[in-house]
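S.K.: Quick one: the structure is below, and I'll ask about it shortly.
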Amino acid sequence: MPGLVSLQMAHCEINTIADDTFLSRGSLNYLDLSYNNIPRITDKTFLGLTNLVSLQISGNPHCELSEKTFDSISNLQELYIAEMDLERLPSVMFTNLNHLRLLDVHGNKIWKIEFDFGAVFPNLQHLDLSRNLLKGLPKRYNDTFSHLTTVKMSENPLQCNCELRWLKHSTKKALDPEYASDALVCYGPERLKYAPILRVPDLEFKCVAPQIVNCTTETYVVMETSSLRMWCELGGDPYPDVTWTRYDGKNVEFTYENTSNYYVSRTGSLDIFNVSKADDGTWTLGVSNTDGQNSHQLIVFVTPYTSTPTAQGQMKTAETLTTNRSTTGIMTTLSGKKGKENNAVNNKIGTVTGDYETP
């Protein structure tokens with residue numbers, strides 16, 4: 001069908017797209033693939049769509065997007081990627097979209113913005129961030145918002161702390177529709193829950209210094225090659241950034257990709273998936289936010305790996321409890337140490353039976 005300008009295939013139960021599907025559709029300006037069951041979109045899916053200006057792929061839940069998905073459609077002006085269960089928006093995915101004027105990411109699970117929209121999208125005019133998991137936005141977005149025509153941020157669990165005070169005093173032209181309807185409200189702290197942001201007094205936008213409220217244990221005893229989780233209940237507003245530091249200065253912080261032996265979750269727990277002697281010693285939990293910082297030390301005792309033959313002739317790890325090697329990790333600790341080594345542990349020793357619930 002030569003000369004095809006618009007193709008609408010929404011709600012068609014599409015469950016796959018071949019990489020060469022659109023190679024001969026260079027005339028397309030508008031493509032709507034929304035609300036299907038497309039599991040994956042690669043860097044080759046949209047090859048050939050050099051004239052595409054509007055793309056709708058919203059409503060394809062759990063769809064996996066390549067970091068180069070949009071590289072071949074650099075003339076795009078409107079991008080709809082709403083309701084796709086997206087948890088992040090890596091800036092590298094949008095490198096070539098300098099002409100983008102509208103970005104709609106509502107209804108996803110985005111909890112943190114990793115880049116400045118104004119820098120990545122110099123021509124952006126309309127931004128929809130509503131119905132995500134955003135608790136706040138840094139003050140640097142004030143300048144970006146002042147250049148936008150419309151911004152939608154309602155139905156996010158916004159924390160009305162000192163870091164969000166700027167939003168009340170930002171250029172309100174872009175936010176006027178939501179301010180007018182009182183749709184932009186505080187989700188926390190509790191005393192301000194559901195209060196329209198525009199109506200909250202400046203002095204009520206308060207931050208709280210980070211706190212280390214309680215740790216599951218102060219001392220861990222674990223066998224080499226086992227997995228370990230260290231976790232403490234944290235407080236503070238905004239929720240603090242977390243760094244775990246080993247005695248030798250090795251730092252571990254939160255990352256989206258769990259690609260190493262060490263992983264810090266969004267709640268601050270530390271997973272070590274394969275404990276070694278290098279992990280033996282003092283670990284320092286450091287927490288910080290706008291209002292201050294705090295730290296706490298925990299001890300890890302690593303015992304040598306030992307194994308004993310079972311009645312069936314198989315090898316069984318001695319003294320170790322259930323271990324679940326999932327991506328989040330399960331805390332595995334040991335008990336039953338004897339003699340002088342046991343007497344050296346004068347703190348509370350953490351021991352777990354069965355599966356450990358992810359905090």
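Naming works like this for the structure tokens: A, B, ... for the chains as they're shown, residue 1 at the start of each chain, ligands 1 onward in shown order.
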Find the residues around region 184-190 of chain A up to 12 Å (only C-alpha atoms counted), leave out those fewer than 4 positions away in its own chain, and share them as an mmCIF file with N, CA, C and O atoms, in the first residue's frame.
M.R.:
data_model
loop_
_atom_site.group_PDB
_atom_site.id
_atom_site.type_symbol
_atom_site.label_atom_id
_atom_site.label_comp_id
_atom_site.auth_asym_id
_atom_site.auth_seq_id
_atom_site.Cartn_x
_atom_site.Cartn_y
_atom_site.Cartn_z
ATOM 1 N N LEU A 129 3.279 13.055 33.268
ATOM 2 C CA LEU A 129 3.906 12.153 34.230
ATOM 3 C C LEU A 129 2.893 11.616 35.236
ATOM 4 O O LEU A 129 3.276 10.995 36.228
ATOM 5 N N SER A 130 1.638 11.830 34.997
ATOM 6 C CA SER A 130 0.610 11.468 35.976
ATOM 7 C C SER A 130 0.525 9.962 36.195
ATOM 8 O O SER A 130 0.940 9.160 35.365
ATOM 9 N N ARG A 131 0.004 9.593 37.362
ATOM 10 C CA ARG A 131 -0.258 8.194 37.728
ATOM 11 C C ARG A 131 0.998 7.332 37.663
ATOM 12 O O ARG A 131 0.985 6.229 37.153
ATOM 13 N N LEU A 133 4.818 6.681 40.224
ATOM 14 C CA LEU A 133 5.172 6.485 41.635
ATOM 15 C C LEU A 133 6.143 7.563 42.114
ATOM 16 O O LEU A 133 6.921 7.339 43.039
ATOM 17 N N LEU A 134 6.083 8.727 41.507
ATOM 18 C CA LEU A 134 6.997 9.809 41.849
ATOM 19 C C LEU A 134 6.649 10.413 43.206
ATOM 20 O O LEU A 134 5.512 10.820 43.447
ATOM 21 N N LYS A 135 7.649 10.478 44.084
ATOM 22 C CA LYS A 135 7.455 11.118 45.385
ATOM 23 C C LYS A 135 7.942 12.554 45.379
ATOM 24 O O LYS A 135 7.654 13.318 46.291
ATOM 25 N N GLY A 136 8.695 12.911 44.362
ATOM 26 C CA GLY A 136 9.194 14.273 44.274
ATOM 27 C C GLY A 136 9.983 14.492 43.000
ATOM 28 O O GLY A 136 10.252 13.558 42.244
ATOM 29 N N VAL A 151 1.971 20.431 31.810
ATOM 30 C CA VAL A 151 2.595 19.364 32.592
ATOM 31 C C VAL A 151 1.507 18.710 33.434
ATOM 32 O O VAL A 151 0.728 19.410 34.097
ATOM 33 N N LYS A 152 1.455 17.400 33.403
ATOM 34 C CA LYS A 152 0.500 16.666 34.239
ATOM 35 C C LYS A 152 1.274 15.804 35.224
ATOM 36 O O LYS A 152 2.103 14.984 34.831
ATOM 37 N N MET A 153 0.996 16.001 36.525
ATOM 38 C CA MET A 153 1.692 15.256 37.565
ATOM 39 C C MET A 153 0.750 14.666 38.604
ATOM 40 O O MET A 153 1.199 14.124 39.615
ATOM 41 N N SER A 154 -0.532 14.757 38.391
ATOM 42 C CA SER A 154 -1.489 14.285 39.392
ATOM 43 C C SER A 154 -1.408 12.778 39.580
ATOM 44 O O SER A 154 -0.890 12.046 38.737
ATOM 45 N N GLU A 155 -1.917 12.318 40.713
ATOM 46 C CA GLU A 155 -1.976 10.901 41.080
ATOM 47 C C GLU A 155 -0.590 10.264 41.189
ATOM 48 O O GLU A 155 -0.393 9.094 40.878
ATOM 49 N N ASN A 156 0.367 11.065 41.636
ATOM 50 C CA ASN A 156 1.658 10.553 42.085
ATOM 51 C C ASN A 156 1.710 10.689 43.607
ATOM 52 O O ASN A 156 1.122 11.620 44.160
ATOM 53 N N PRO A 157 2.401 9.797 44.302
ATOM 54 C CA PRO A 157 2.463 9.880 45.771
ATOM 55 C C PRO A 157 3.453 10.952 46.240
ATOM 56 O O PRO A 157 4.443 10.664 46.912
ATOM 57 N N LEU A 158 3.188 12.201 45.885
ATOM 58 C CA LEU A 158 4.108 13.303 46.149
ATOM 59 C C LEU A 158 4.269 13.561 47.649
ATOM 60 O O LEU A 158 3.286 13.680 48.375
ATOM 61 N N GLN A 159 5.529 13.671 48.077
ATOM 62 C CA GLN A 159 5.852 14.004 49.460
ATOM 63 C C GLN A 159 6.063 15.505 49.550
ATOM 64 O O GLN A 159 7.003 16.041 48.968
ATOM 65 N N CYS A 160 5.216 16.173 50.283
ATOM 66 C CA CYS A 160 5.312 17.626 50.399
ATOM 67 C C CYS A 160 6.334 17.998 51.463
ATOM 68 O O CYS A 160 5.993 18.413 52.580
ATOM 69 N N ASN A 161 7.600 17.806 51.108
ATOM 70 C CA ASN A 161 8.698 18.170 51.999
ATOM 71 C C ASN A 161 9.433 19.382 51.429
ATOM 72 O O ASN A 161 9.012 19.964 50.422
ATOM 73 N N CYS A 162 10.542 19.750 52.074
ATOM 74 C CA CYS A 162 11.247 20.968 51.667
ATOM 75 C C CYS A 162 11.766 20.894 50.234
ATOM 76 O O CYS A 162 11.962 21.926 49.589
ATOM 77 N N LEU A 164 10.127 19.786 47.691
ATOM 78 C CA LEU A 164 9.035 19.983 46.737
ATOM 79 C C LEU A 164 8.406 21.371 46.857
ATOM 80 O O LEU A 164 7.493 21.710 46.105
ATOM 81 N N ARG A 165 8.933 22.180 47.764
ATOM 82 C CA ARG A 165 8.365 23.517 47.957
ATOM 83 C C ARG A 165 8.414 24.333 46.665
ATOM 84 O O ARG A 165 7.536 25.146 46.376
ATOM 85 N N LEU A 167 7.766 23.530 43.743
ATOM 86 C CA LEU A 167 6.672 23.251 42.824
ATOM 87 C C LEU A 167 5.496 24.196 43.065
ATOM 88 O O LEU A 167 4.808 24.609 42.131
ATOM 89 N N LYS A 168 5.295 24.551 44.309
ATOM 90 C CA LYS A 168 4.211 25.471 44.640
ATOM 91 C C LYS A 168 4.464 26.844 44.020
ATOM 92 O O LYS A 168 3.526 27.533 43.615
ATOM 93 N N LYS A 172 3.318 28.730 37.008
ATOM 94 C CA LYS A 172 2.130 27.884 37.113
ATOM 95 C C LYS A 172 1.374 27.719 35.796
ATOM 96 O O LYS A 172 0.391 27.003 35.736
ATOM 97 N N LEU A 175 1.033 24.167 34.850
ATOM 98 C CA LEU A 175 0.313 23.342 35.818
ATOM 99 C C LEU A 175 -1.074 23.871 36.141
ATOM 100 O O LEU A 175 -1.782 23.291 36.955
ATOM 101 N N ASP A 176 -1.462 24.965 35.509
ATOM 102 C CA ASP A 176 -2.727 25.604 35.832
ATOM 103 C C ASP A 176 -3.935 24.675 35.834
ATOM 104 O O ASP A 176 -4.759 24.727 36.760
ATOM 105 N N PRO A 177 -4.097 23.802 34.828
ATOM 106 C CA PRO A 177 -5.284 22.936 34.851
ATOM 107 C C PRO A 177 -5.374 22.065 36.103
ATOM 108 O O PRO A 177 -6.451 21.884 36.670
ATOM 109 N N GLU A 178 -4.234 21.539 36.553
ATOM 110 C CA GLU A 178 -4.262 20.679 37.732
ATOM 111 C C GLU A 178 -4.376 21.487 39.014
ATOM 112 O O GLU A 178 -5.004 21.062 39.974
ATOM 113 N N TYR A 179 -3.766 22.680 39.039
ATOM 114 C CA TYR A 179 -3.933 23.542 40.209
ATOM 115 C C TYR A 179 -5.390 23.972 40.351
ATOM 116 O O TYR A 179 -5.950 23.993 41.438
ATOM 117 N N ALA A 180 -5.996 24.319 39.229
ATOM 118 C CA ALA A 180 -7.370 24.827 39.265
ATOM 119 C C ALA A 180 -8.348 23.792 39.795
ATOM 120 O O ALA A 180 -9.306 24.126 40.498
ATOM 121 N N TYR A 194 -3.544 14.467 51.065
ATOM 122 C CA TYR A 194 -4.652 14.918 50.214
ATOM 123 C C TYR A 194 -4.840 16.436 50.215
ATOM 124 O O TYR A 194 -5.800 16.935 49.626
ATOM 125 N N ALA A 195 -3.922 17.157 50.822
ATOM 126 C CA ALA A 195 -4.016 18.620 50.771
ATOM 127 C C ALA A 195 -3.525 19.109 49.408
ATOM 128 O O ALA A 195 -2.462 18.702 48.943
ATOM 129 N N PRO A 196 -4.262 19.979 48.734
ATOM 130 C CA PRO A 196 -3.798 20.542 47.458
ATOM 131 C C PRO A 196 -2.478 21.286 47.664
ATOM 132 O O PRO A 196 -2.364 22.109 48.584
ATOM 133 N N ILE A 197 -1.502 21.011 46.843
ATOM 134 C CA ILE A 197 -0.167 21.575 47.032
ATOM 135 C C ILE A 197 -0.196 23.097 47.061
ATOM 136 O O ILE A 197 0.510 23.733 47.847
ATOM 137 N N LEU A 198 -1.018 23.687 46.205
ATOM 138 C CA LEU A 198 -1.066 25.141 46.124
ATOM 139 C C LEU A 198 -1.558 25.768 47.426
ATOM 140 O O LEU A 198 -1.265 26.930 47.717
ATOM 141 N N ARG A 199 -2.266 25.008 48.243
ATOM 142 C CA ARG A 199 -2.857 25.553 49.464
ATOM 143 C C ARG A 199 -2.043 25.260 50.727
ATOM 144 O O ARG A 199 -2.408 25.678 51.818
ATOM 145 N N VAL A 200 -0.952 24.517 50.578
ATOM 146 C CA VAL A 200 -0.125 24.180 51.739
ATOM 147 C C VAL A 200 0.791 25.359 52.074
ATOM 148 O O VAL A 200 1.523 25.847 51.206
ATOM 149 N N GLU A 204 5.031 24.460 56.063
ATOM 150 C CA GLU A 204 4.653 23.059 56.231
ATOM 151 C C GLU A 204 5.460 22.126 55.327
ATOM 152 O O GLU A 204 5.396 20.906 55.490
ATOM 153 N N PHE A 205 6.187 22.690 54.386
ATOM 154 C CA PHE A 205 7.054 21.867 53.528
ATOM 155 C C PHE A 205 8.359 21.602 54.287
ATOM 156 O O PHE A 205 9.346 22.304 54.109
ATOM 157 N N LYS A 206 8.346 20.602 55.139
ATOM 158 C CA LYS A 206 9.478 20.328 56.021
ATOM 159 C C LYS A 206 10.193 19.031 55.627
ATOM 160 O O LYS A 206 9.562 18.076 55.164
ATOM 161 N N CYS A 207 11.490 19.015 55.834
ATOM 162 C CA CYS A 207 12.283 17.798 55.655
ATOM 163 C C CYS A 207 12.652 17.240 57.024
ATOM 164 O O CYS A 207 12.714 17.976 58.015
ATOM 165 N N VAL A 208 12.895 15.952 57.079
ATOM 166 C CA VAL A 208 13.276 15.270 58.319
ATOM 167 C C VAL A 208 14.594 14.552 58.082
ATOM 168 O O VAL A 208 14.750 13.836 57.083
ATOM 169 N N GLY A 236 13.092 9.164 57.555
ATOM 170 C CA GLY A 236 13.551 10.442 57.010
ATOM 171 C C GLY A 236 12.659 10.886 55.872
ATOM 172 O O GLY A 236 12.012 10.080 55.213
ATOM 173 N N ASP A 237 12.627 12.183 55.644
ATOM 174 C CA ASP A 237 11.819 12.742 54.566
ATOM 175 C C ASP A 237 12.600 13.901 53.944
ATOM 176 O O ASP A 237 12.849 14.903 54.614
ATOM 177 N N PRO A 238 13.044 13.724 52.675
ATOM 178 C CA PRO A 238 12.784 12.595 51.788
ATOM 179 C C PRO A 238 13.523 11.325 52.228
ATOM 180 O O PRO A 238 14.464 11.389 53.012
ATOM 181 N N TYR A 239 13.038 10.184 51.705
ATOM 182 C CA TYR A 239 13.664 8.907 52.045
ATOM 183 C C TYR A 239 15.138 8.976 51.676
ATOM 184 O O TYR A 239 15.497 9.420 50.590
#
S.K.: Got a sec: who's within 12 Å of region 41-46 of chain A, counting only C-alpha atoms, leaving out chain neighbours fewer than 4 positions off, as a compact mmCIF listing (two decimals) with all heavy atoms, in the first residue's frame?
M.R.:
# COMPACT_ATOMS: atom_id res chain seq x y z
N ASN A 15 0.68 -9.73 19.11
CA ASN A 15 1.60 -10.26 20.12
C ASN A 15 3.03 -10.39 19.63
O ASN A 15 3.89 -10.91 20.35
CB ASN A 15 1.09 -11.60 20.66
CG ASN A 15 0.85 -12.61 19.56
OD1 ASN A 15 1.51 -12.59 18.52
ND2 ASN A 15 -0.11 -13.50 19.77
N THR A 16 3.31 -9.92 18.42
CA THR A 16 4.69 -9.91 17.95
C THR A 16 4.81 -8.99 16.74
O THR A 16 3.84 -8.79 15.99
CB THR A 16 5.16 -11.33 17.56
OG1 THR A 16 6.56 -11.29 17.23
CG2 THR A 16 4.39 -11.85 16.36
N ILE A 17 5.99 -8.39 16.57
CA ILE A 17 6.28 -7.55 15.41
C ILE A 17 7.64 -7.95 14.88
O ILE A 17 8.65 -7.86 15.59
CB ILE A 17 6.28 -6.06 15.77
CG1 ILE A 17 4.93 -5.63 16.34
CG2 ILE A 17 6.60 -5.22 14.54
CD1 ILE A 17 4.88 -4.16 16.71
N ALA A 18 7.70 -8.36 13.62
CA ALA A 18 8.97 -8.73 13.00
C ALA A 18 9.81 -7.48 12.76
O ALA A 18 9.27 -6.38 12.54
CB ALA A 18 8.72 -9.45 11.68
N ASP A 19 11.13 -7.63 12.80
CA ASP A 19 12.03 -6.50 12.67
C ASP A 19 11.89 -5.76 11.33
O ASP A 19 12.18 -4.57 11.25
CB ASP A 19 13.48 -6.95 12.85
CG ASP A 19 13.80 -7.26 14.31
OD1 ASP A 19 13.03 -6.82 15.18
OD2 ASP A 19 14.82 -7.92 14.56
N ASP A 20 11.45 -6.45 10.29
CA ASP A 20 11.38 -5.82 8.97
C ASP A 20 9.96 -5.39 8.59
O ASP A 20 9.68 -5.06 7.45
CB ASP A 20 11.91 -6.78 7.90
CG ASP A 20 11.13 -8.09 7.86
OD1 ASP A 20 10.29 -8.31 8.76
OD2 ASP A 20 11.38 -8.90 6.95
N THR A 21 9.07 -5.34 9.56
CA THR A 21 7.66 -5.05 9.28
C THR A 21 7.45 -3.73 8.55
O THR A 21 6.63 -3.63 7.64
CB THR A 21 6.84 -5.05 10.59
OG1 THR A 21 6.92 -6.34 11.19
CG2 THR A 21 5.37 -4.72 10.31
N PHE A 22 8.18 -2.68 8.94
CA PHE A 22 7.91 -1.35 8.41
C PHE A 22 9.00 -0.85 7.45
O PHE A 22 9.03 0.35 7.12
CB PHE A 22 7.75 -0.35 9.56
CG PHE A 22 6.66 -0.71 10.53
CD1 PHE A 22 6.97 -1.20 11.80
CD2 PHE A 22 5.33 -0.59 10.18
CE1 PHE A 22 5.97 -1.53 12.69
CE2 PHE A 22 4.32 -0.93 11.06
CZ PHE A 22 4.63 -1.40 12.32
N LEU A 23 9.85 -1.73 6.97
CA LEU A 23 10.94 -1.30 6.10
C LEU A 23 10.46 -0.60 4.84
O LEU A 23 11.13 0.32 4.34
CB LEU A 23 11.80 -2.51 5.71
CG LEU A 23 12.88 -2.92 6.72
CD1 LEU A 23 13.60 -4.17 6.25
CD2 LEU A 23 13.88 -1.78 6.93
N SER A 24 9.32 -1.00 4.33
CA SER A 24 8.81 -0.40 3.09
C SER A 24 7.68 0.59 3.34
O SER A 24 6.90 0.88 2.45
CB SER A 24 8.32 -1.51 2.14
OG SER A 24 7.28 -2.26 2.75
N ARG A 25 7.58 1.09 4.57
CA ARG A 25 6.50 2.02 4.93
C ARG A 25 7.05 3.40 5.28
O ARG A 25 6.63 4.04 6.22
CB ARG A 25 5.71 1.47 6.12
CG ARG A 25 5.07 0.11 5.88
CD ARG A 25 3.94 0.22 4.89
NE ARG A 25 3.34 -1.10 4.64
CZ ARG A 25 3.11 -1.59 3.44
NH1 ARG A 25 3.45 -0.90 2.37
NH2 ARG A 25 2.54 -2.77 3.27
N GLY A 26 7.98 3.85 4.48
CA GLY A 26 8.63 5.13 4.76
C GLY A 26 7.72 6.34 4.69
O GLY A 26 8.05 7.41 5.19
N LEU A 28 4.83 6.56 6.20
CA LEU A 28 4.01 6.67 7.41
C LEU A 28 4.38 7.89 8.25
O LEU A 28 5.54 8.13 8.55
CB LEU A 28 4.16 5.41 8.26
CG LEU A 28 3.21 4.25 7.99
CD1 LEU A 28 3.52 3.09 8.94
CD2 LEU A 28 1.76 4.67 8.16
N LEU A 31 1.58 6.20 13.52
CA LEU A 31 1.50 4.76 13.76
C LEU A 31 0.95 4.52 15.16
O LEU A 31 1.49 5.02 16.15
CB LEU A 31 2.87 4.11 13.63
CG LEU A 31 2.96 2.60 13.94
CD1 LEU A 31 2.06 1.80 13.00
CD2 LEU A 31 4.40 2.12 13.84
N LEU A 33 0.02 1.48 17.68
CA LEU A 33 0.08 0.07 18.05
C LEU A 33 -0.33 -0.12 19.51
O LEU A 33 0.03 -1.11 20.15
CB LEU A 33 1.50 -0.47 17.85
CG LEU A 33 2.06 -0.46 16.42
CD1 LEU A 33 3.54 -0.79 16.43
CD2 LEU A 33 1.29 -1.45 15.55
N ASN A 37 -0.55 -6.74 22.85
CA ASN A 37 0.23 -7.59 23.77
C ASN A 37 1.64 -7.79 23.23
O ASN A 37 2.17 -8.90 23.24
CB ASN A 37 -0.46 -8.94 23.95
CG ASN A 37 -1.83 -8.80 24.60
OD1 ASN A 37 -1.94 -8.28 25.71
ND2 ASN A 37 -2.86 -9.26 23.91
N THR A 50 11.26 6.72 8.50
CA THR A 50 12.03 7.96 8.59
C THR A 50 11.17 9.20 8.66
O THR A 50 11.65 10.27 9.04
CB THR A 50 12.99 8.07 7.39
OG1 THR A 50 12.24 7.92 6.18
CG2 THR A 50 14.06 6.99 7.45
N ASN A 51 9.90 9.09 8.26
CA ASN A 51 9.00 10.26 8.27
C ASN A 51 7.99 10.22 9.41
O ASN A 51 7.08 11.05 9.46
CB ASN A 51 8.26 10.36 6.94
CG ASN A 51 9.19 10.71 5.78
OD1 ASN A 51 9.92 11.69 5.86
ND2 ASN A 51 9.17 9.91 4.73
N LEU A 52 8.14 9.28 10.32
CA LEU A 52 7.17 9.13 11.39
C LEU A 52 7.24 10.32 12.35
O LEU A 52 8.32 10.69 12.82
CB LEU A 52 7.44 7.84 12.17
CG LEU A 52 6.31 7.34 13.06
CD1 LEU A 52 5.13 6.86 12.20
CD2 LEU A 52 6.78 6.20 13.96
N LEU A 55 3.99 8.35 17.35
CA LEU A 55 4.02 6.92 17.64
C LEU A 55 3.28 6.65 18.95
O LEU A 55 3.59 7.25 19.98
CB LEU A 55 5.46 6.43 17.76
CG LEU A 55 5.65 4.96 18.22
CD1 LEU A 55 5.06 4.00 17.18
CD2 LEU A 55 7.13 4.66 18.45
N ILE A 57 2.45 3.52 21.43
CA ILE A 57 2.62 2.11 21.81
C ILE A 57 2.16 1.90 23.26
O ILE A 57 2.53 0.92 23.91
CB ILE A 57 4.08 1.64 21.64
CG1 ILE A 57 5.05 2.56 22.39
CG2 ILE A 57 4.45 1.54 20.18
CD1 ILE A 57 6.49 2.06 22.35
N ASN A 60 0.84 -1.62 26.16
CA ASN A 60 1.45 -2.93 25.92
C ASN A 60 2.20 -3.30 27.20
O ASN A 60 3.38 -2.99 27.36
CB ASN A 60 2.41 -2.88 24.73
CG ASN A 60 1.68 -2.85 23.41
OD1 ASN A 60 1.20 -3.87 22.91
ND2 ASN A 60 1.57 -1.65 22.83
N HIS A 62 4.32 -4.65 30.26
CA HIS A 62 5.56 -5.41 30.41
C HIS A 62 6.34 -5.51 29.10
O HIS A 62 7.17 -6.41 28.94
CB HIS A 62 5.28 -6.82 30.95
CG HIS A 62 4.46 -6.85 32.20
ND1 HIS A 62 4.94 -6.37 33.40
CD2 HIS A 62 3.19 -7.26 32.43
CE1 HIS A 62 4.00 -6.50 34.32
NE2 HIS A 62 2.93 -7.04 33.77
N CYS A 63 6.09 -4.62 28.18
CA CYS A 63 6.82 -4.63 26.91
C CYS A 63 8.27 -4.22 27.16
O CYS A 63 8.55 -3.22 27.81
CB CYS A 63 6.17 -3.67 25.92
SG CYS A 63 6.97 -3.61 24.32
N GLU A 64 9.18 -4.98 26.63
CA GLU A 64 10.61 -4.71 26.80
C GLU A 64 11.09 -3.80 25.67
O GLU A 64 10.96 -4.13 24.49
CB GLU A 64 11.40 -6.02 26.77
CG GLU A 64 12.90 -5.85 26.92
CD GLU A 64 13.63 -7.18 26.81
OE1 GLU A 64 13.02 -8.22 27.10
OE2 GLU A 64 14.82 -7.16 26.42
N LEU A 65 11.63 -2.65 26.04
CA LEU A 65 12.13 -1.69 25.07
C LEU A 65 13.64 -1.70 25.04
O LEU A 65 14.29 -1.62 26.08
CB LEU A 65 11.63 -0.28 25.40
CG LEU A 65 10.12 -0.05 25.44
CD1 LEU A 65 9.82 1.39 25.82
CD2 LEU A 65 9.48 -0.40 24.11
N SER A 66 14.20 -1.79 23.86
CA SER A 66 15.65 -1.69 23.71
C SER A 66 16.08 -0.24 23.97
O SER A 66 15.31 0.70 23.77
CB SER A 66 16.07 -2.10 22.30
OG SER A 66 17.37 -1.64 21.98
N GLU A 67 17.32 -0.05 24.42
CA GLU A 67 17.82 1.31 24.64
C GLU A 67 17.92 2.09 23.34
O GLU A 67 18.03 3.31 23.34
CB GLU A 67 19.18 1.26 25.34
CG GLU A 67 19.11 0.85 26.80
CD GLU A 67 20.43 0.99 27.50
OE1 GLU A 67 21.46 1.13 26.79
OE2 GLU A 67 20.45 0.96 28.75
N LYS A 68 17.87 1.38 22.20
CA LYS A 68 17.96 2.04 20.89
C LYS A 68 16.66 1.91 20.10
O LYS A 68 16.64 2.08 18.88
CB LYS A 68 19.12 1.45 20.10
CG LYS A 68 20.48 1.68 20.73
CD LYS A 68 21.61 1.16 19.86
CE LYS A 68 22.96 1.44 20.50
NZ LYS A 68 24.08 0.96 19.64
N THR A 69 15.56 1.63 20.81
CA THR A 69 14.27 1.44 20.15
C THR A 69 13.90 2.61 19.24
O THR A 69 13.38 2.41 18.14
CB THR A 69 13.16 1.24 21.20
OG1 THR A 69 13.33 -0.03 21.83
CG2 THR A 69 11.78 1.28 20.56
N PHE A 70 14.16 3.84 19.68
CA PHE A 70 13.70 5.02 18.94
C PHE A 70 14.80 5.68 18.11
O PHE A 70 14.58 6.76 17.56
CB PHE A 70 13.10 6.03 19.92
CG PHE A 70 12.07 5.45 20.84
CD1 PHE A 70 12.27 5.46 22.22
CD2 PHE A 70 10.92 4.88 20.34
CE1 PHE A 70 11.32 4.92 23.08
CE2 PHE A 70 9.96 4.33 21.19
CZ PHE A 70 10.17 4.35 22.56
N ASP A 71 15.95 5.05 17.99
CA ASP A 71 17.07 5.67 17.27
C ASP A 71 16.77 5.93 15.80
O ASP A 71 17.27 6.90 15.21
CB ASP A 71 18.32 4.79 17.37
CG ASP A 71 19.06 4.99 18.69
OD1 ASP A 71 18.51 5.69 19.56
OD2 ASP A 71 20.17 4.45 18.85
N SER A 72 15.98 5.07 15.18
CA SER A 72 15.75 5.18 13.74
C SER A 72 14.59 6.10 13.37
O SER A 72 14.30 6.28 12.19
CB SER A 72 15.49 3.79 13.15
OG SER A 72 14.34 3.19 13.73
N ILE A 73 13.93 6.70 14.36
CA ILE A 73 12.78 7.57 14.08
C ILE A 73 13.06 8.96 14.67
O ILE A 73 12.31 9.48 15.49
CB ILE A 73 11.46 6.98 14.62
CG1 ILE A 73 11.62 6.46 16.06
CG2 ILE A 73 10.99 5.85 13.72
CD1 ILE A 73 10.32 5.92 16.65
N SER A 74 14.13 9.56 14.21
CA SER A 74 14.62 10.80 14.79
C SER A 74 13.73 12.01 14.50
O SER A 74 13.91 13.07 15.10
CB SER A 74 16.04 11.08 14.28
OG SER A 74 16.07 11.14 12.87
N LEU A 76 10.56 12.06 15.10
CA LEU A 76 9.36 11.89 15.92
C LEU A 76 9.07 13.16 16.72
O LEU A 76 9.97 13.77 17.31
CB LEU A 76 9.57 10.71 16.88
CG LEU A 76 8.31 10.07 17.46
CD1 LEU A 76 7.51 9.38 16.35
CD2 LEU A 76 8.67 9.05 18.54
N ILE A 81 4.01 6.40 25.48
CA ILE A 81 4.47 5.14 26.07
C ILE A 81 3.86 5.00 27.47
O ILE A 81 4.54 4.70 28.45
CB ILE A 81 6.00 5.05 26.11
CG1 ILE A 81 6.62 6.31 26.71
CG2 ILE A 81 6.57 4.80 24.73
CD1 ILE A 81 8.13 6.23 26.87
N MET A 93 17.79 6.15 25.92
CA MET A 93 16.74 5.68 25.03
C MET A 93 16.21 6.80 24.12
O MET A 93 15.66 6.55 23.04
CB MET A 93 15.58 5.11 25.86
CG MET A 93 14.47 4.49 25.05
SD MET A 93 13.14 3.86 26.10
CE MET A 93 13.97 2.53 26.98
S.K.: Would you please give, as a ChimeraX atom specification, all residues of region 86-247 of chain A that DSSP assigns to strand (DSSP E or B) based on the backbone?
M.R.: /A:102-104,126-128,150-152,159,185,188,196,208-215,219-223,228-230,232-237,241-246
S.K.: For CA of Asp85 (chain A) and CA of Ser58 (chain A), determine how far apart the two atoms are, in Å to one decimal place.
M.R.: 9.9 Å
S.K.: Identify all residues of region 136-311 of chain A in helix (DSSP H, G or I) (DSSP on the backbone) and supply them as a PyMOL selection string.
M.R.: chain A and resi 141-146+162-169+176-180+190-192+197-199+202-204+277-279
